[in-house]
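Take a look at the structure set out below.
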Amino acid sequence: MLPVAKNMTEKDELVDDVELEAKNVSEKDELDYAEPEADEEDEGQDWGDWNADEEEDGDDNLDSDLLCLFCDSKYDSSDALFEHCQSTHHFDFHGIRKSLGLNFYGCFKLINYVRSQVAGKGCWSCGLNFQSKQDLDNHLHETLSFKDATLPWGDDKYLKPFMQEDPLLYSFGEDYEPEDEYVTSVETFSDLINFDRICNDDDTALEACLFDFNASFENGRKEIASSSNGCLNTTNLSEEVKVSAIVVKEDDGSSDIISKDRHLEICVAKEATNEIKNVNRNYFRSYSSFGIHREMISDKVRTDAYRQAILNNPSVLRGAAVLDVGCGTGILSLFAAQAGASSVIAVEASDKMAAVATQIAKDNGILWSGSPNDRITQCTGVIRVFQGMIEELDNSEHIQPHSIDVLLSEWMGYCLLYESMLSSVLFARDQWLKPGGAVLPDTATMFVAGFGRGGTSIPFWEDVYGFNMSCIGKELIEHDARVPIVDVIDSHDIVTNTVVLQSFDLLKMTVEEMDFTSRVELEPQLASPKPTWCYGVALWFETGFTSRFCKEMPVVLSTSPYSPATHWSQTILTFREPIAMASGKPGIDGLVAVGTDACPCVKIDLRISIARAPEHRSIDISLEIAGIGPDGRKRTWPVQIFNLS
């Protein structure tokens, strides 16, 4: 594998002392505000002291609860507030959002950032601080350009509301629409919760999204939750109760009341839906390029491993019902048909490649051409191609639950887990694989080893046609210490032993096991007191077609630097500074720093964590390094975080 019409209306109605805010998130425009019903025991109460004028005054206060970012003015809509900010304080919210392409999170953090700066008498745009608020007001100017610059509100700490009970954080989200031609339509609140299988992790997508957002809020979330569990408190209407909620009408006429806090979560989740869909769409579009498929098919190590495992193990493939997840051109499905499979269902999310795979199977005379009611034995071919994500076939009538004998897929990405396609394979396994069915490949193992100076770009830049350009190499090392590099490491540049980082059994593992932390020890490869410098670690993987299913010919597909190169290469994580290693050096001065030439490490302890990143289909890698000296002293280095996207 390689990586790399909505109509909204609002209807406002104030009932008793409860302010209800709503946004239509459906194509039916069915969101309304509902009036809490009084208890029957209240029907006989005397309401003679009720004053209509007082209620009207209270309503006005509820309408004008959006506080300006810069002054004490209040407004009853976010549009009016932002118009005021633009005309009076030179703050063009909509212009900034559009020019910088801010998503929901970016806008949310921007508002909190501005409020925090103004509270500290600082200019949000240029950062200057002033002695008085009046001086700040006099200073405010047109927004400086933030293009190609680090946004000062980019820190996740601005996900926590700066001002307690800030209704602007809820209001701007109602009018926010991502500037993308693909806009999510949601018919009911329950549809939003389900997300219509927006990502590969299926029904955990919303929970993960809301969990990540709530974790970012930490205790701040408690500060903005004025209602308990999103329920309106109507037990004592004589008290001054101000609760904001959304009332969502279901198809059966019933209504669910959702707190303002929950409304914010829904806005965040909806934005996450759009982002995930965009990532999926771009991801599958990238596989419409024939160049990518040529590169993968031309990878002889990859393609031959699958071909040998499929064709040379008749006990598992002959007469089997096969499911090929992410078929691409359909090459693995063609191998399965050639091996004697009775039926092959090829699933491909890219509409272009699904059409191509269909045509290829047809041109080779093995495309299934019968009607849905025909038996396979009555048809001219065995391959059927379905376009769509595998998760979308959950309720398909074409594949009966637990009817597949062999689950086949080439799902591996860089560093094995990049692209997160493994979760789709596990989904297919749980939905359709028969008890005792085979998964090919059925194991995957990740390895790690340290590399030396030759694994960096330093030697190249030290002598460029006789000129010393080593300053470039040093700068590249600093860059590489922040960004993972996918490249081929020569086996001669490996300077430590090779250690298993993590092993997966695809027949038993769960999606959660894709996120893991492992501790390993690296020792110098050569038993010599002369220091060897370790500049970082390389990760690679093997997948196994083991004898559990491939009894005639087990096969191993390796991306090791000790094996022929593949298109996966290796994933390189560079240390911030090289670490000296040696097998042992007696008489070390205890004052010398461990990991230096004067006190080389006898081993390096690594703690490596790999997890699916918030950005869909990416992974985060954290690297914790500790060097152990020959006298037992330990030195640690700052944690390094890498994102593979």
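Convention: chains lettered A, B, ... in structure tokens order; per-chain residue numbering from 1; ligands numbered from 1 as shown.
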Considering only C-alpha atoms, return as a PDB file with N, CA and C atoms, in the first residue's frame whatever protein or nucleic-acid residues lie within 9 Å of A:Val439, sequence-local ones (same chain, fewer than 6 positions apart) excluded.
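Generated file (around.pdb):
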```pdb
ATOM      1  N   ASP A 405     -14.278 -17.907   3.147  1.00  0.00           N
ATOM      2  CA  ASP A 405     -13.253 -18.875   3.565  1.00  0.00           C
ATOM      3  C   ASP A 405     -11.887 -18.220   3.734  1.00  0.00           C
ATOM      4  N   VAL A 406     -11.573 -17.277   2.840  1.00  0.00           N
ATOM      5  CA  VAL A 406     -10.247 -16.651   2.849  1.00  0.00           C
ATOM      6  C   VAL A 406     -10.401 -15.142   2.737  1.00  0.00           C
ATOM      7  N   LEU A 407      -9.812 -14.435   3.694  1.00  0.00           N
ATOM      8  CA  LEU A 407      -9.776 -12.975   3.656  1.00  0.00           C
ATOM      9  C   LEU A 407      -8.391 -12.567   3.174  1.00  0.00           C
ATOM     10  N   LEU A 408      -8.353 -11.870   2.051  1.00  0.00           N
ATOM     11  CA  LEU A 408      -7.105 -11.539   1.381  1.00  0.00           C
ATOM     12  C   LEU A 408      -6.979 -10.021   1.292  1.00  0.00           C
ATOM     13  N   SER A 409      -5.814  -9.488   1.613  1.00  0.00           N
ATOM     14  CA  SER A 409      -5.632  -8.042   1.494  1.00  0.00           C
ATOM     15  C   SER A 409      -4.155  -7.680   1.561  1.00  0.00           C
ATOM     16  N   ARG A 429     -12.943  -9.174   8.703  1.00  0.00           N
ATOM     17  CA  ARG A 429     -12.766 -10.461   9.392  1.00  0.00           C
ATOM     18  C   ARG A 429     -13.933 -10.745  10.333  1.00  0.00           C
ATOM     19  N   LEU A 433     -15.756 -13.482   7.843  1.00  0.00           N
ATOM     20  CA  LEU A 433     -14.927 -14.682   7.827  1.00  0.00           C
ATOM     21  C   LEU A 433     -15.592 -15.819   8.589  1.00  0.00           C
ATOM     22  N   LEU A 506      -3.237 -11.434  13.053  1.00  0.00           N
ATOM     23  CA  LEU A 506      -4.401 -10.838  12.399  1.00  0.00           C
ATOM     24  C   LEU A 506      -5.669 -11.657  12.588  1.00  0.00           C
ATOM     25  N   LEU A 507      -5.523 -12.884  13.044  1.00  0.00           N
ATOM     26  CA  LEU A 507      -6.708 -13.699  13.283  1.00  0.00           C
ATOM     27  C   LEU A 507      -7.345 -13.368  14.627  1.00  0.00           C
ATOM     28  N   PHE A 545       2.779 -15.348   5.761  1.00  0.00           N
ATOM     29  CA  PHE A 545       1.756 -16.308   5.323  1.00  0.00           C
ATOM     30  C   PHE A 545       2.206 -17.626   5.949  1.00  0.00           C
ATOM     31  N   PHE A 549      -2.044 -21.568   7.831  1.00  0.00           N
ATOM     32  CA  PHE A 549      -2.953 -21.683   6.682  1.00  0.00           C
ATOM     33  C   PHE A 549      -2.206 -22.134   5.428  1.00  0.00           C
TER      34      PHE A 549
END
```
Rounded to one decimal in Å, what is the spacing between atom CA of A:Ser457 and atom CA of A:Ile472?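 So the answer is 8.9 Å.
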Residue nearest A:Glu624 among A:Glu521, A:Glu83, A:Asp480, A:Asp589 (counting only C-alpha atoms):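 Answer, going by the shortest atom-to-atom distance: A:Glu521.
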Neighbouring residues of A:Cys85 were defined as those with any atom within 12 Å, considering only C-alpha atoms; residues of the same chain fewer than 2 positions away were excluded. Please report them as a PyMOL selection string. chain A and resi 67-75+78-83+87-95+111+114+137+140-143
Limited to N, CA and C atoms, could you put the picked residues into a file as an mmCIF file, in the first residue's frame?
```cif
data_model
loop_
_atom_site.group_PDB
_atom_site.id
_atom_site.type_symbol
_atom_site.label_atom_id
_atom_site.label_comp_id
_atom_site.auth_asym_id
_atom_site.auth_seq_id
_atom_site.Cartn_x
_atom_site.Cartn_y
_atom_site.Cartn_z
ATOM 1 N N LEU A 67 -21.128 38.636 24.269
ATOM 2 C CA LEU A 67 -20.244 39.721 24.677
ATOM 3 C C LEU A 67 -19.165 39.944 23.634
ATOM 4 N N CYS A 68 -18.962 41.215 23.281
ATOM 5 C CA CYS A 68 -17.923 41.597 22.333
ATOM 6 C C CYS A 68 -16.563 41.085 22.812
ATOM 7 N N LEU A 69 -15.689 40.810 21.873
ATOM 8 C CA LEU A 69 -14.361 40.329 22.209
ATOM 9 C C LEU A 69 -13.472 41.417 22.801
ATOM 10 N N PHE A 70 -13.838 42.700 22.555
ATOM 11 C CA PHE A 70 -12.939 43.788 22.916
ATOM 12 C C PHE A 70 -13.535 44.791 23.912
ATOM 13 N N CYS A 71 -14.861 44.866 23.990
ATOM 14 C CA CYS A 71 -15.483 45.833 24.884
ATOM 15 C C CYS A 71 -16.671 45.188 25.594
ATOM 16 N N ASP A 72 -17.475 45.999 26.269
ATOM 17 C CA ASP A 72 -18.587 45.466 27.054
ATOM 18 C C ASP A 72 -19.897 45.416 26.282
ATOM 19 N N SER A 73 -19.870 45.689 24.992
ATOM 20 C CA SER A 73 -21.092 45.644 24.185
ATOM 21 C C SER A 73 -21.592 44.207 24.054
ATOM 22 N N LYS A 74 -22.917 44.071 24.022
ATOM 23 C CA LYS A 74 -23.526 42.753 23.881
ATOM 24 C C LYS A 74 -24.459 42.740 22.681
ATOM 25 N N TYR A 75 -24.582 41.569 22.069
ATOM 26 C CA TYR A 75 -25.370 41.442 20.846
ATOM 27 C C TYR A 75 -26.176 40.151 20.893
ATOM 28 N N SER A 78 -24.239 36.340 16.489
ATOM 29 C CA SER A 78 -22.802 36.380 16.227
ATOM 30 C C SER A 78 -22.489 37.272 15.038
ATOM 31 N N ASP A 79 -23.390 37.320 14.042
ATOM 32 C CA ASP A 79 -23.158 38.184 12.887
ATOM 33 C C ASP A 79 -23.093 39.643 13.304
ATOM 34 N N ALA A 80 -24.039 40.062 14.158
ATOM 35 C CA ALA A 80 -24.038 41.447 14.615
ATOM 36 C C ALA A 80 -22.787 41.746 15.434
ATOM 37 N N LEU A 81 -22.374 40.780 16.256
ATOM 38 C CA LEU A 81 -21.183 40.984 17.073
ATOM 39 C C LEU A 81 -19.945 41.135 16.201
ATOM 40 N N PHE A 82 -19.805 40.262 15.191
ATOM 41 C CA PHE A 82 -18.612 40.325 14.357
ATOM 42 C C PHE A 82 -18.612 41.563 13.459
ATOM 43 N N GLU A 83 -19.791 42.031 13.055
ATOM 44 C CA GLU A 83 -19.851 43.291 12.305
ATOM 45 C C GLU A 83 -19.351 44.439 13.175
ATOM 46 N N SER A 87 -16.046 46.838 12.408
ATOM 47 C CA SER A 87 -16.167 48.282 12.207
ATOM 48 C C SER A 87 -15.524 49.090 13.332
ATOM 49 N N THR A 88 -15.543 48.583 14.542
ATOM 50 C CA THR A 88 -15.058 49.351 15.698
ATOM 51 C C THR A 88 -13.660 48.956 16.143
ATOM 52 N N HIS A 89 -13.357 47.643 16.053
ATOM 53 C CA HIS A 89 -12.090 47.167 16.611
ATOM 54 C C HIS A 89 -11.149 46.587 15.559
ATOM 55 N N HIS A 90 -11.475 46.734 14.283
ATOM 56 C CA HIS A 90 -10.614 46.269 13.181
ATOM 57 C C HIS A 90 -10.379 44.761 13.223
ATOM 58 N N PHE A 91 -11.359 44.022 13.715
ATOM 59 C CA PHE A 91 -11.219 42.569 13.798
ATOM 60 C C PHE A 91 -12.247 41.938 12.856
ATOM 61 N N ASP A 92 -11.782 41.445 11.714
ATOM 62 C CA ASP A 92 -12.652 40.858 10.693
ATOM 63 C C ASP A 92 -12.626 39.335 10.835
ATOM 64 N N PHE A 93 -13.516 38.809 11.675
ATOM 65 C CA PHE A 93 -13.524 37.373 11.970
ATOM 66 C C PHE A 93 -13.708 36.541 10.706
ATOM 67 N N HIS A 94 -14.739 36.891 9.923
ATOM 68 C CA HIS A 94 -15.036 36.095 8.724
ATOM 69 C C HIS A 94 -13.909 36.202 7.702
ATOM 70 N N GLY A 95 -13.297 37.387 7.584
ATOM 71 C CA GLY A 95 -12.188 37.540 6.654
ATOM 72 C C GLY A 95 -10.981 36.722 7.067
ATOM 73 N N ILE A 111 -11.089 32.592 18.948
ATOM 74 C CA ILE A 111 -11.939 33.372 19.858
ATOM 75 C C ILE A 111 -11.365 33.358 21.278
ATOM 76 N N VAL A 114 -8.141 35.538 21.404
ATOM 77 C CA VAL A 114 -8.389 36.981 21.416
ATOM 78 C C VAL A 114 -8.873 37.423 22.793
ATOM 79 N N ASP A 137 -7.360 49.909 23.272
ATOM 80 C CA ASP A 137 -8.417 50.267 22.322
ATOM 81 C C ASP A 137 -7.902 51.261 21.283
ATOM 82 N N LEU A 140 -5.576 49.308 18.630
ATOM 83 C CA LEU A 140 -6.080 48.248 17.751
ATOM 84 C C LEU A 140 -6.039 48.680 16.289
ATOM 85 N N HIS A 141 -5.580 47.771 15.432
ATOM 86 C CA HIS A 141 -5.327 48.110 14.032
ATOM 87 C C HIS A 141 -5.781 46.962 13.146
ATOM 88 N N GLU A 142 -5.668 47.173 11.841
ATOM 89 C CA GLU A 142 -6.022 46.129 10.890
ATOM 90 C C GLU A 142 -5.153 44.899 11.139
ATOM 91 N N THR A 143 -5.710 43.739 10.851
ATOM 92 C CA THR A 143 -5.031 42.476 11.122
ATOM 93 C C THR A 143 -3.755 42.342 10.301
#
```
Separation of atom CA of A:Arg519 from atom CA of A:Leu557 in Å: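 The value is 24.7 Å.
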With only C-alpha atoms as the basis for distance, which of A:Ser560, A:Asn468, A:Thr456, A:Ser77 is at the shortest distance from A:Phe575?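 That would be A:Thr456, the residue with the smallest distance to A:Phe575.
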